Amino acid sequence: MLPEVTATRYVTPLREGGSLPGVVEADDLRTYVMKFSGAGQGRKTLVAEVISGRLAQLLGLRVPGLAVIRLDPVLGLGEPDPEVQALLRASGGLNAGLDFLSGALGFDALAYTVDPVEAGRIVWFDALVGNVDRSWRNPNMLVWHGDLWLIDHGATLIFHHGWSAAPAAVRRPYDASEHALAPFGPDVAAAAAELAPRVTHDLLAAAAADVPDVWLADEPGFATPDEVREAYVATLSARAAIGTAHITLGRPRAAGPARQPGWPSAAAVHGSERS
Ligand SMILES: Nc1ncnc2c1ncn2[C@@H]1O[C@H](COP(=O)(O)OP(=O)(O)O)[C@@H](O)[C@H]1O
Ligand SMILES: [Mg+2]
């Protein structure tokens, strides 16, 4: 079971990605990044965030601690930004939360080196859950206290958008050539040998059990939330067993930009101090 907390204050939106997650404080006096149930991408984004995030954690990868955050939409009344207000108003009830890693930096392949074993584990995991959101353009990794942390699993498990095609999706290829860790020589064979045997029915069921029932209720073709959970378990269990031939590695076609265009260079900011 994930900890369930109640949001007490909306602090600020995070505008880097597309879904406008927010930083909130909760009644356990901790600070979370909150993924809103009322965001345009819908509740399946939250299901993916929880199942893939928990699975990664259970496999020993670093993902911020997950929680379920209860929101009273009244929290949005004082929000001056209409976009944020609409999001809060639409997200009453349960939302997904991740421990806010205060002071974390966005991963930059030019500033941080990843060893092939760790890179291999992450690429293999991303292939398992079909994560297309870890490219050099949009790495969705943070560096915190010197370690690499994985965030943003909302776009994984895309087979859940069409359950009838899920059995066919088990063998779907995974193109890792633009993966943010492709330049580090990820050892996916070693990762598969280590991790695939650990992706057991029980492990997957534990990850799926952490999804609140309300995000799984009324799924067309399923009678109960537990039936939906079992479909995630069956699909991921089959995919974990297919080896690594479906994973395409390769170098990215172009090196990613070191910083967003338009930002001043360090030399321009610091002048001769740095030169
Ligand atoms: N747990 C966290 N701790 C600190 N910062 C975070 C955390 N999660 C996300 N962020 C920051 O917020 C940004 C957006 O979050 P993300 O999960 O990538 O959502 P999306 O891309 O869907 O908007 C990230 O790029 C990162 O800068
Ligand atoms: Mg993101």
# chains A, B, ... in the order shown; residues from 1 in each chain; ligands from 1

$ select_by_dssp --residues "range 84-143 of chain A" --states "alpha helix (DSSP H)" --output "short mmCIF file (atom, residue, chain, number, x, y, z; two decimals) with N, CA, C and O atoms, in the first residue's frame"
data_model
loop_
_atom_site.label_atom_id
_atom_site.label_comp_id
_atom_site.auth_asym_id
_atom_site.auth_seq_id
_atom_site.Cartn_x
_atom_site.Cartn_y
_atom_site.Cartn_z
N VAL A 84 -4.06 26.55 -13.63
CA VAL A 84 -3.83 25.80 -12.40
C VAL A 84 -5.15 25.62 -11.65
O VAL A 84 -5.47 24.53 -11.15
N GLN A 85 -5.95 26.67 -11.62
CA GLN A 85 -7.23 26.60 -10.93
C GLN A 85 -8.12 25.51 -11.54
O GLN A 85 -8.73 24.72 -10.82
N ALA A 86 -8.16 25.46 -12.86
CA ALA A 86 -8.99 24.46 -13.55
C ALA A 86 -8.50 23.05 -13.23
O ALA A 86 -9.29 22.12 -13.01
N LEU A 87 -7.17 22.89 -13.18
CA LEU A 87 -6.58 21.58 -12.89
C LEU A 87 -6.95 21.13 -11.47
O LEU A 87 -7.34 19.98 -11.25
N LEU A 88 -6.85 22.04 -10.52
CA LEU A 88 -7.17 21.70 -9.14
C LEU A 88 -8.66 21.39 -9.01
O LEU A 88 -9.06 20.44 -8.32
N ARG A 89 -9.48 22.17 -9.71
CA ARG A 89 -10.92 21.97 -9.63
C ARG A 89 -11.31 20.60 -10.18
O ARG A 89 -12.22 19.94 -9.70
N PRO A 116 27.86 1.48 -17.85
CA PRO A 116 27.06 0.64 -18.75
C PRO A 116 26.11 -0.30 -18.02
O PRO A 116 25.05 -0.64 -18.56
N VAL A 117 26.44 -0.70 -16.81
CA VAL A 117 25.56 -1.60 -16.06
C VAL A 117 24.29 -0.87 -15.65
O VAL A 117 23.16 -1.35 -15.88
N GLU A 118 24.45 0.31 -15.05
CA GLU A 118 23.27 1.08 -14.65
C GLU A 118 22.47 1.52 -15.87
O GLU A 118 21.23 1.43 -15.89
N ALA A 119 23.17 1.99 -16.91
CA ALA A 119 22.48 2.40 -18.15
C ALA A 119 21.69 1.22 -18.72
O ALA A 119 20.55 1.38 -19.17
N GLY A 120 22.28 0.03 -18.68
CA GLY A 120 21.61 -1.16 -19.20
C GLY A 120 20.35 -1.50 -18.42
O GLY A 120 19.32 -1.84 -19.00
N ARG A 121 20.43 -1.39 -17.10
CA ARG A 121 19.24 -1.66 -16.27
C ARG A 121 18.11 -0.71 -16.64
O ARG A 121 16.95 -1.12 -16.75
N ILE A 122 18.45 0.56 -16.79
CA ILE A 122 17.41 1.57 -17.06
C ILE A 122 16.82 1.35 -18.45
O ILE A 122 15.59 1.37 -18.63
N VAL A 123 17.67 1.11 -19.45
CA VAL A 123 17.15 0.90 -20.81
C VAL A 123 16.31 -0.38 -20.86
O VAL A 123 15.24 -0.41 -21.47
N TRP A 124 16.76 -1.41 -20.19
CA TRP A 124 15.97 -2.67 -20.18
C TRP A 124 14.61 -2.44 -19.52
O TRP A 124 13.58 -2.88 -20.03
N PHE A 125 14.62 -1.73 -18.40
CA PHE A 125 13.35 -1.42 -17.72
C PHE A 125 12.45 -0.59 -18.64
O PHE A 125 11.25 -0.86 -18.76
N ASP A 126 13.02 0.43 -19.29
CA ASP A 126 12.20 1.27 -20.18
C ASP A 126 11.62 0.45 -21.33
O ASP A 126 10.50 0.71 -21.77
N ALA A 127 12.38 -0.52 -21.82
CA ALA A 127 11.86 -1.39 -22.88
C ALA A 127 10.70 -2.24 -22.35
O ALA A 127 9.70 -2.45 -23.04
N LEU A 128 10.84 -2.70 -21.11
CA LEU A 128 9.78 -3.52 -20.51
C LEU A 128 8.45 -2.75 -20.45
O LEU A 128 7.40 -3.27 -20.83
N VAL A 129 8.52 -1.51 -20.00
CA VAL A 129 7.28 -0.73 -19.82
C VAL A 129 6.98 0.15 -21.04
O VAL A 129 6.01 0.90 -21.03
#

$ residues_near_ligand --ligand "ligand 2" --cutoff "7 Å" --atoms "only C-alpha atoms and all ligand atoms" --output "PyMOL selection string"
chain A and resi 17-18+138+140+152

$ closest_atom_pairs --of "chain A" --to "ligand 1" --cutoff "7 Å" --atoms "only C-alpha atoms and all ligand atoms" --output "JSON lines"
{"residue": "A:Leu14", "atom": "CA", "partner": "ligand 1", "partner_atom_place_in_ligand_line": "12 (O)", "distance": 5.0}
{"residue": "A:Arg15", "atom": "CA", "partner": "ligand 1", "partner_atom_place_in_ligand_line": "14 (C)", "distance": 6.5}
{"residue": "A:Glu16", "atom": "CA", "partner": "ligand 1", "partner_atom_place_in_ligand_line": "13 (C)", "distance": 4.9}
{"residue": "A:Gly17", "atom": "CA", "partner": "ligand 1", "partner_atom_place_in_ligand_line": "23 (O)", "distance": 3.1}
{"residue": "A:Gly18", "atom": "CA", "partner": "ligand 1", "partner_atom_place_in_ligand_line": "23 (O)", "distance": 4.1}
{"residue": "A:Ser19", "atom": "CA", "partner": "ligand 1", "partner_atom_place_in_ligand_line": "23 (O)", "distance": 4.0}
{"residue": "A:Leu20", "atom": "CA", "partner": "ligand 1", "partner_atom_place_in_ligand_line": "23 (O)", "distance": 5.0}
{"residue": "A:Pro21", "atom": "CA", "partner": "ligand 1", "partner_atom_place_in_ligand_line": "23 (O)", "distance": 5.7}
{"residue": "A:Tyr32", "atom": "CA", "partner": "ligand 1", "partner_atom_place_in_ligand_line": "1 (N)", "distance": 7.0}
{"residue": "A:Val33", "atom": "CA", "partner": "ligand 1", "partner_atom_place_in_ligand_line": "1 (N)", "distance": 5.6}
{"residue": "A:Pro64", "atom": "CA", "partner": "ligand 1", "partner_atom_place_in_ligand_line": "1 (N)", "distance": 5.4}
{"residue": "A:Leu98", "atom": "CA", "partner": "ligand 1", "partner_atom_place_in_ligand_line": "1 (N)", "distance": 5.1}
{"residue": "A:Asp99", "atom": "CA", "partner": "ligand 1", "partner_atom_place_in_ligand_line": "1 (N)", "distance": 5.1}
{"residue": "A:Phe100", "atom": "CA", "partner": "ligand 1", "partner_atom_place_in_ligand_line": "3 (N)", "distance": 3.7}
{"residue": "A:Leu101", "atom": "CA", "partner": "ligand 1", "partner_atom_place_in_ligand_line": "3 (N)", "distance": 3.7}
{"residue": "A:Ser102", "atom": "CA", "partner": "ligand 1", "partner_atom_place_in_ligand_line": "4 (C)", "distance": 5.8}
{"residue": "A:Ala104", "atom": "CA", "partner": "ligand 1", "partner_atom_place_in_ligand_line": "4 (C)", "distance": 5.9}
{"residue": "A:Gly106", "atom": "CA", "partner": "ligand 1", "partner_atom_place_in_ligand_line": "27 (O)", "distance": 6.1}
{"residue": "A:Asn140", "atom": "CA", "partner": "ligand 1", "partner_atom_place_in_ligand_line": "18 (O)", "distance": 5.4}
{"residue": "A:Ile151", "atom": "CA", "partner": "ligand 1", "partner_atom_place_in_ligand_line": "17 (O)", "distance": 5.4}
{"residue": "A:Asp152", "atom": "CA", "partner": "ligand 1", "partner_atom_place_in_ligand_line": "17 (O)", "distance": 3.8}
{"residue": "A:Gly154", "atom": "CA", "partner": "ligand 1", "partner_atom_place_in_ligand_line": "22 (O)", "distance": 6.8}

$ write_last_selection --atoms "all heavy atoms" --output "compact mmCIF listing (two decimals), in the first residue's frame"
# COMPACT_ATOMS: atom_id res chain seq x y z
N LEU A 14 5.03 23.02 -11.96
CA LEU A 14 6.30 22.66 -12.61
C LEU A 14 6.05 22.71 -14.11
O LEU A 14 5.32 21.88 -14.64
CB LEU A 14 6.74 21.24 -12.18
CG LEU A 14 7.15 21.11 -10.73
CD1 LEU A 14 7.16 19.65 -10.30
CD2 LEU A 14 8.52 21.73 -10.49
N ARG A 15 6.63 23.66 -14.76
CA ARG A 15 6.25 23.90 -16.15
C ARG A 15 7.18 23.27 -17.17
O ARG A 15 7.04 23.48 -18.36
CB ARG A 15 6.15 25.41 -16.43
CG ARG A 15 5.03 26.05 -15.64
CD ARG A 15 4.59 27.38 -16.21
NE ARG A 15 3.49 27.94 -15.45
CZ ARG A 15 2.21 27.72 -15.71
NH1 ARG A 15 1.86 26.99 -16.75
NH2 ARG A 15 1.27 28.25 -14.95
N GLU A 16 8.13 22.46 -16.70
CA GLU A 16 9.09 21.90 -17.65
C GLU A 16 8.49 20.94 -18.65
O GLU A 16 8.75 21.00 -19.83
CB GLU A 16 10.18 21.15 -16.88
CG GLU A 16 11.52 21.80 -16.98
CD GLU A 16 12.42 21.28 -15.89
OE1 GLU A 16 12.39 21.85 -14.78
OE2 GLU A 16 13.10 20.29 -16.14
N GLY A 17 7.64 20.02 -18.15
CA GLY A 17 7.07 19.01 -19.03
C GLY A 17 5.73 19.48 -19.56
O GLY A 17 5.43 20.68 -19.57
N GLY A 18 4.90 18.52 -19.98
CA GLY A 18 3.66 18.92 -20.60
C GLY A 18 2.46 18.90 -19.68
O GLY A 18 1.45 19.56 -19.92
N SER A 19 2.53 18.13 -18.58
CA SER A 19 1.30 17.83 -17.85
C SER A 19 1.02 18.76 -16.68
O SER A 19 0.05 18.59 -15.98
CB SER A 19 1.35 16.37 -17.37
OG SER A 19 2.29 16.24 -16.33
N LEU A 20 1.90 19.73 -16.47
CA LEU A 20 1.73 20.71 -15.39
C LEU A 20 1.56 20.06 -14.00
O LEU A 20 0.59 20.37 -13.29
CB LEU A 20 0.53 21.62 -15.69
CG LEU A 20 0.60 23.03 -15.09
CD1 LEU A 20 1.74 23.83 -15.69
CD2 LEU A 20 -0.71 23.77 -15.31
N PRO A 21 2.47 19.19 -13.63
CA PRO A 21 2.42 18.72 -12.24
C PRO A 21 2.69 19.90 -11.31
O PRO A 21 3.21 20.92 -11.74
CB PRO A 21 3.55 17.68 -12.15
CG PRO A 21 4.39 17.85 -13.35
CD PRO A 21 3.63 18.64 -14.35
N TYR A 32 5.58 17.16 -1.98
CA TYR A 32 5.44 16.19 -3.07
C TYR A 32 5.31 16.89 -4.41
O TYR A 32 4.85 18.03 -4.49
CB TYR A 32 4.16 15.36 -2.88
CG TYR A 32 4.19 14.46 -1.67
CD1 TYR A 32 3.73 14.91 -0.44
CD2 TYR A 32 4.69 13.17 -1.76
CE1 TYR A 32 3.76 14.10 0.69
CE2 TYR A 32 4.72 12.34 -0.65
CZ TYR A 32 4.26 12.81 0.57
OH TYR A 32 4.30 11.99 1.66
N VAL A 33 5.68 16.16 -5.46
CA VAL A 33 5.28 16.53 -6.81
C VAL A 33 3.98 15.80 -7.06
O VAL A 33 3.91 14.58 -6.92
CB VAL A 33 6.35 16.10 -7.84
CG1 VAL A 33 5.82 16.29 -9.26
CG2 VAL A 33 7.62 16.91 -7.63
N PRO A 64 11.68 8.45 -7.03
CA PRO A 64 11.21 9.09 -5.79
C PRO A 64 10.05 8.30 -5.18
O PRO A 64 9.25 7.70 -5.90
CB PRO A 64 10.73 10.47 -6.27
CG PRO A 64 11.42 10.70 -7.58
CD PRO A 64 11.65 9.35 -8.19
N LEU A 98 4.81 12.13 -5.76
CA LEU A 98 6.18 11.63 -5.70
C LEU A 98 6.96 12.53 -4.75
O LEU A 98 6.77 13.76 -4.78
CB LEU A 98 6.83 11.69 -7.08
CG LEU A 98 6.18 10.75 -8.08
CD1 LEU A 98 5.66 11.51 -9.27
CD2 LEU A 98 7.17 9.69 -8.51
N ASP A 99 7.81 11.94 -3.93
CA ASP A 99 8.64 12.76 -3.05
C ASP A 99 9.35 13.82 -3.87
O ASP A 99 9.97 13.50 -4.90
CB ASP A 99 9.70 11.90 -2.35
CG ASP A 99 9.10 11.05 -1.24
OD1 ASP A 99 8.02 11.41 -0.73
OD2 ASP A 99 9.72 10.02 -0.91
N PHE A 100 9.27 15.07 -3.43
CA PHE A 100 9.95 16.15 -4.13
C PHE A 100 11.43 16.10 -3.79
O PHE A 100 11.82 16.18 -2.62
CB PHE A 100 9.34 17.50 -3.69
CG PHE A 100 10.02 18.68 -4.32
CD1 PHE A 100 10.01 18.86 -5.70
CD2 PHE A 100 10.67 19.63 -3.53
CE1 PHE A 100 10.63 19.96 -6.29
CE2 PHE A 100 11.28 20.73 -4.12
CZ PHE A 100 11.27 20.89 -5.49
N LEU A 101 12.26 15.92 -4.80
CA LEU A 101 13.70 15.85 -4.58
C LEU A 101 14.25 17.27 -4.64
O LEU A 101 14.57 17.79 -5.71
CB LEU A 101 14.37 14.96 -5.63
CG LEU A 101 13.81 13.54 -5.78
CD1 LEU A 101 14.60 12.76 -6.82
CD2 LEU A 101 13.81 12.80 -4.45
N SER A 102 14.33 17.87 -3.49
CA SER A 102 14.70 19.28 -3.42
C SER A 102 16.14 19.49 -3.87
O SER A 102 17.05 18.82 -3.38
CB SER A 102 14.52 19.76 -1.98
OG SER A 102 14.90 21.09 -1.87
N ALA A 104 17.34 18.85 -6.84
CA ALA A 104 17.79 17.94 -7.91
C ALA A 104 18.02 18.73 -9.20
O ALA A 104 17.34 19.72 -9.46
CB ALA A 104 16.74 16.86 -8.15
N GLY A 106 18.32 18.54 -13.49
CA GLY A 106 17.96 17.74 -14.65
C GLY A 106 19.19 17.01 -15.18
O GLY A 106 20.29 17.58 -15.18
N ASN A 140 13.85 13.00 -18.54
CA ASN A 140 13.07 12.57 -17.38
C ASN A 140 13.91 11.78 -16.37
O ASN A 140 13.50 10.73 -15.87
CB ASN A 140 11.82 11.79 -17.83
CG ASN A 140 10.77 12.72 -18.39
OD1 ASN A 140 10.40 13.72 -17.76
ND2 ASN A 140 10.30 12.44 -19.59
N ILE A 151 12.24 9.73 -13.21
CA ILE A 151 10.92 10.34 -12.96
C ILE A 151 10.05 10.19 -14.21
O ILE A 151 10.54 9.80 -15.27
CB ILE A 151 11.01 11.84 -12.59
CG1 ILE A 151 11.70 12.64 -13.71
CG2 ILE A 151 11.71 12.04 -11.26
CD1 ILE A 151 11.49 14.15 -13.60
N ASP A 152 8.79 10.52 -14.06
CA ASP A 152 7.85 10.67 -15.16
C ASP A 152 7.61 9.37 -15.95
O ASP A 152 8.09 9.21 -17.07
CB ASP A 152 8.33 11.78 -16.11
CG ASP A 152 7.21 12.27 -17.01
OD1 ASP A 152 6.08 11.76 -16.88
OD2 ASP A 152 7.46 13.17 -17.83
N GLY A 154 4.50 8.45 -16.70
CA GLY A 154 3.10 8.57 -17.13
C GLY A 154 2.85 8.08 -18.55
O GLY A 154 1.73 7.68 -18.88

$ atom_distance --atom1 "CA of Ala209 in chain A" --atom2 "CA of Thr244 in chain A"
27.4 Å

$ residues_around --residues "Arg70 in chain A" --least-positions-apart "4" --cutoff "10 Å" --atoms "only C-alpha atoms" --output "ChimeraX atom specification"
/A:4-8,26,91-97

$ write_last_selection --atoms "N, CA, C and O atoms" --output "PDB file, in the first residue's frame"
ATOM      1  N   GLU A   4      -1.107   7.269   2.067  1.00  0.00           N
ATOM      2  CA  GLU A   4      -2.134   8.200   1.587  1.00  0.00           C
ATOM      3  C   GLU A   4      -2.109   9.451   2.446  1.00  0.00           C
ATOM      4  O   GLU A   4      -2.218   9.375   3.664  1.00  0.00           O
ATOM      5  N   VAL A   5      -1.901  10.591   1.793  1.00  0.00           N
ATOM      6  CA  VAL A   5      -1.793  11.862   2.512  1.00  0.00           C
ATOM      7  C   VAL A   5      -2.807  12.844   1.924  1.00  0.00           C
ATOM      8  O   VAL A   5      -3.407  12.574   0.881  1.00  0.00           O
ATOM      9  N   THR A   6      -2.994  13.958   2.615  1.00  0.00           N
ATOM     10  CA  THR A   6      -3.920  14.982   2.126  1.00  0.00           C
ATOM     11  C   THR A   6      -3.136  16.259   1.833  1.00  0.00           C
ATOM     12  O   THR A   6      -2.313  16.695   2.653  1.00  0.00           O
ATOM     13  N   ALA A   7      -3.379  16.838   0.658  1.00  0.00           N
ATOM     14  CA  ALA A   7      -2.688  18.078   0.284  1.00  0.00           C
ATOM     15  C   ALA A   7      -3.174  19.216   1.170  1.00  0.00           C
ATOM     16  O   ALA A   7      -4.376  19.368   1.407  1.00  0.00           O
ATOM     17  N   THR A   8      -2.245  20.006   1.659  1.00  0.00           N
ATOM     18  CA  THR A   8      -2.613  21.142   2.511  1.00  0.00           C
ATOM     19  C   THR A   8      -2.296  22.478   1.843  1.00  0.00           C
ATOM     20  O   THR A   8      -2.835  23.507   2.228  1.00  0.00           O
ATOM     21  N   ALA A  26       1.800  18.466   2.146  1.00  0.00           N
ATOM     22  CA  ALA A  26       0.741  17.568   2.605  1.00  0.00           C
ATOM     23  C   ALA A  26       0.710  17.516   4.126  1.00  0.00           C
ATOM     24  O   ALA A  26       1.595  18.054   4.799  1.00  0.00           O
ATOM     25  N   SER A  91      -9.521  17.903 -10.111  1.00  0.00           N
ATOM     26  CA  SER A  91      -8.730  16.804  -9.540  1.00  0.00           C
ATOM     27  C   SER A  91      -9.098  16.453  -8.103  1.00  0.00           C
ATOM     28  O   SER A  91      -8.279  15.897  -7.365  1.00  0.00           O
ATOM     29  N   GLY A  92     -10.318  16.750  -7.714  1.00  0.00           N
ATOM     30  CA  GLY A  92     -10.743  16.366  -6.370  1.00  0.00           C
ATOM     31  C   GLY A  92     -10.636  14.857  -6.189  1.00  0.00           C
ATOM     32  O   GLY A  92     -10.841  14.106  -7.130  1.00  0.00           O
ATOM     33  N   GLY A  93     -10.288  14.426  -4.971  1.00  0.00           N
ATOM     34  CA  GLY A  93     -10.129  12.985  -4.727  1.00  0.00           C
ATOM     35  C   GLY A  93      -8.666  12.588  -4.771  1.00  0.00           C
ATOM     36  O   GLY A  93      -7.804  13.339  -4.322  1.00  0.00           O
ATOM     37  N   LEU A  94      -8.396  11.405  -5.334  1.00  0.00           N
ATOM     38  CA  LEU A  94      -7.043  10.843  -5.253  1.00  0.00           C
ATOM     39  C   LEU A  94      -6.176  11.212  -6.456  1.00  0.00           C
ATOM     40  O   LEU A  94      -6.625  11.150  -7.602  1.00  0.00           O
ATOM     41  N   ASN A  95      -4.959  11.588  -6.179  1.00  0.00           N
ATOM     42  CA  ASN A  95      -3.968  11.945  -7.193  1.00  0.00           C
ATOM     43  C   ASN A  95      -2.661  11.210  -6.876  1.00  0.00           C
ATOM     44  O   ASN A  95      -2.522  10.648  -5.795  1.00  0.00           O
ATOM     45  N   ALA A  96      -1.727  11.232  -7.824  1.00  0.00           N
ATOM     46  CA  ALA A  96      -0.447  10.560  -7.570  1.00  0.00           C
ATOM     47  C   ALA A  96       0.559  11.571  -7.046  1.00  0.00           C
ATOM     48  O   ALA A  96       0.588  12.723  -7.480  1.00  0.00           O
ATOM     49  N   GLY A  97       1.390  11.136  -6.105  1.00  0.00           N
ATOM     50  CA  GLY A  97       2.429  12.008  -5.565  1.00  0.00           C
ATOM     51  C   GLY A  97       3.783  11.322  -5.596  1.00  0.00           C
ATOM     52  O   GLY A  97       3.882  10.098  -5.522  1.00  0.00           O
TER      53      GLY A  97
END

$ atom_distance --atom1 "CA of Leu204 in chain A" --atom2 "CA of Ile51 in chain A"
8.2 Å

$ closest_residue --among "A:Ala241, A:Ala90, A:Leu59, A:Val228" --to "Pro73 in chain A" --atoms "only C-alpha atoms"
A:Ala90

$ select_by_dssp --residues "range 23-86 of chain A" --states "strand (DSSP E or B)" --output "number ranges by chain"
A: 23-26, 31-35, 66-71

$ write_last_selection --atoms "C-alpha atoms" --output "PDB file, in the first residue's frame"
ATOM      1  CA  VAL A  23       4.574  21.000  -5.947  1.00  0.00           C
ATOM      2  CA  VAL A  24       2.287  20.546  -2.942  1.00  0.00           C
ATOM      3  CA  GLU A  25       2.678  20.265   0.796  1.00  0.00           C
ATOM      4  CA  ALA A  26       0.741  17.568   2.605  1.00  0.00           C
ATOM      5  CA  THR A  31       6.577  18.107   0.014  1.00  0.00           C
ATOM      6  CA  TYR A  32       5.437  16.195  -3.074  1.00  0.00           C
ATOM      7  CA  VAL A  33       5.283  16.532  -6.809  1.00  0.00           C
ATOM      8  CA  MET A  34       1.624  15.943  -7.548  1.00  0.00           C
ATOM      9  CA  LYS A  35       0.331  14.437 -10.796  1.00  0.00           C
ATOM     10  CA  LEU A  66       5.316   7.327  -4.346  1.00  0.00           C
ATOM     11  CA  ALA A  67       2.197   8.352  -2.468  1.00  0.00           C
ATOM     12  CA  VAL A  68      -1.495   8.825  -3.060  1.00  0.00           C
ATOM     13  CA  ILE A  69      -2.515  12.433  -2.410  1.00  0.00           C
ATOM     14  CA  ARG A  70      -6.068  13.348  -1.535  1.00  0.00           C
ATOM     15  CA  LEU A  71      -7.058  16.773  -2.834  1.00  0.00           C
TER      16      LEU A  71
END

$ closest_residue --among "A:Met141, A:Val233, A:Val188, A:Ala217" --to "Thr248 in chain A" --atoms "only C-alpha atoms"
A:Val188

$ closest_residue --among "A:His246, A:Arg30, A:Arg229, A:His153" --to "Trp215 in chain A" --atoms "only C-alpha atoms"
A:Arg229

$ atom_distance --atom1 "CA of Leu148 in chain A" --atom2 "CA of Ala207 in chain A"
21.6 Å

$ closest_residue --among "A:Ala189, A:Ala223, A:Leu29, A:Val143" --to "Val114 in chain A" --atoms "only C-alpha atoms"
A:Val143

$ decode --residues "range 217-228 of chain A" --atoms "C-alpha atoms" --output "mmCIF file, in the first residue's frame"
data_model
loop_
_atom_site.group_PDB
_atom_site.id
_atom_site.type_symbol
_atom_site.label_atom_id
_atom_site.label_comp_id
_atom_site.auth_asym_id
_atom_site.auth_seq_id
_atom_site.Cartn_x
_atom_site.Cartn_y
_atom_site.Cartn_z
ATOM 1 C CA ALA A 217 -12.979 1.145 -11.976
ATOM 2 C CA ASP A 218 -15.346 0.945 -14.958
ATOM 3 C CA GLU A 219 -12.644 -0.059 -17.425
ATOM 4 C CA PRO A 220 -14.501 -1.358 -20.495
ATOM 5 C CA GLY A 221 -14.191 -5.157 -20.779
ATOM 6 C CA PHE A 222 -13.355 -5.703 -17.101
ATOM 7 C CA ALA A 223 -15.724 -6.510 -14.263
ATOM 8 C CA THR A 224 -13.531 -5.386 -11.354
ATOM 9 C CA PRO A 225 -10.373 -3.374 -10.647
ATOM 10 C CA ASP A 226 -8.594 -6.630 -9.775
ATOM 11 C CA GLU A 227 -9.310 -7.976 -13.257
ATOM 12 C CA VAL A 228 -7.613 -4.902 -14.722
#
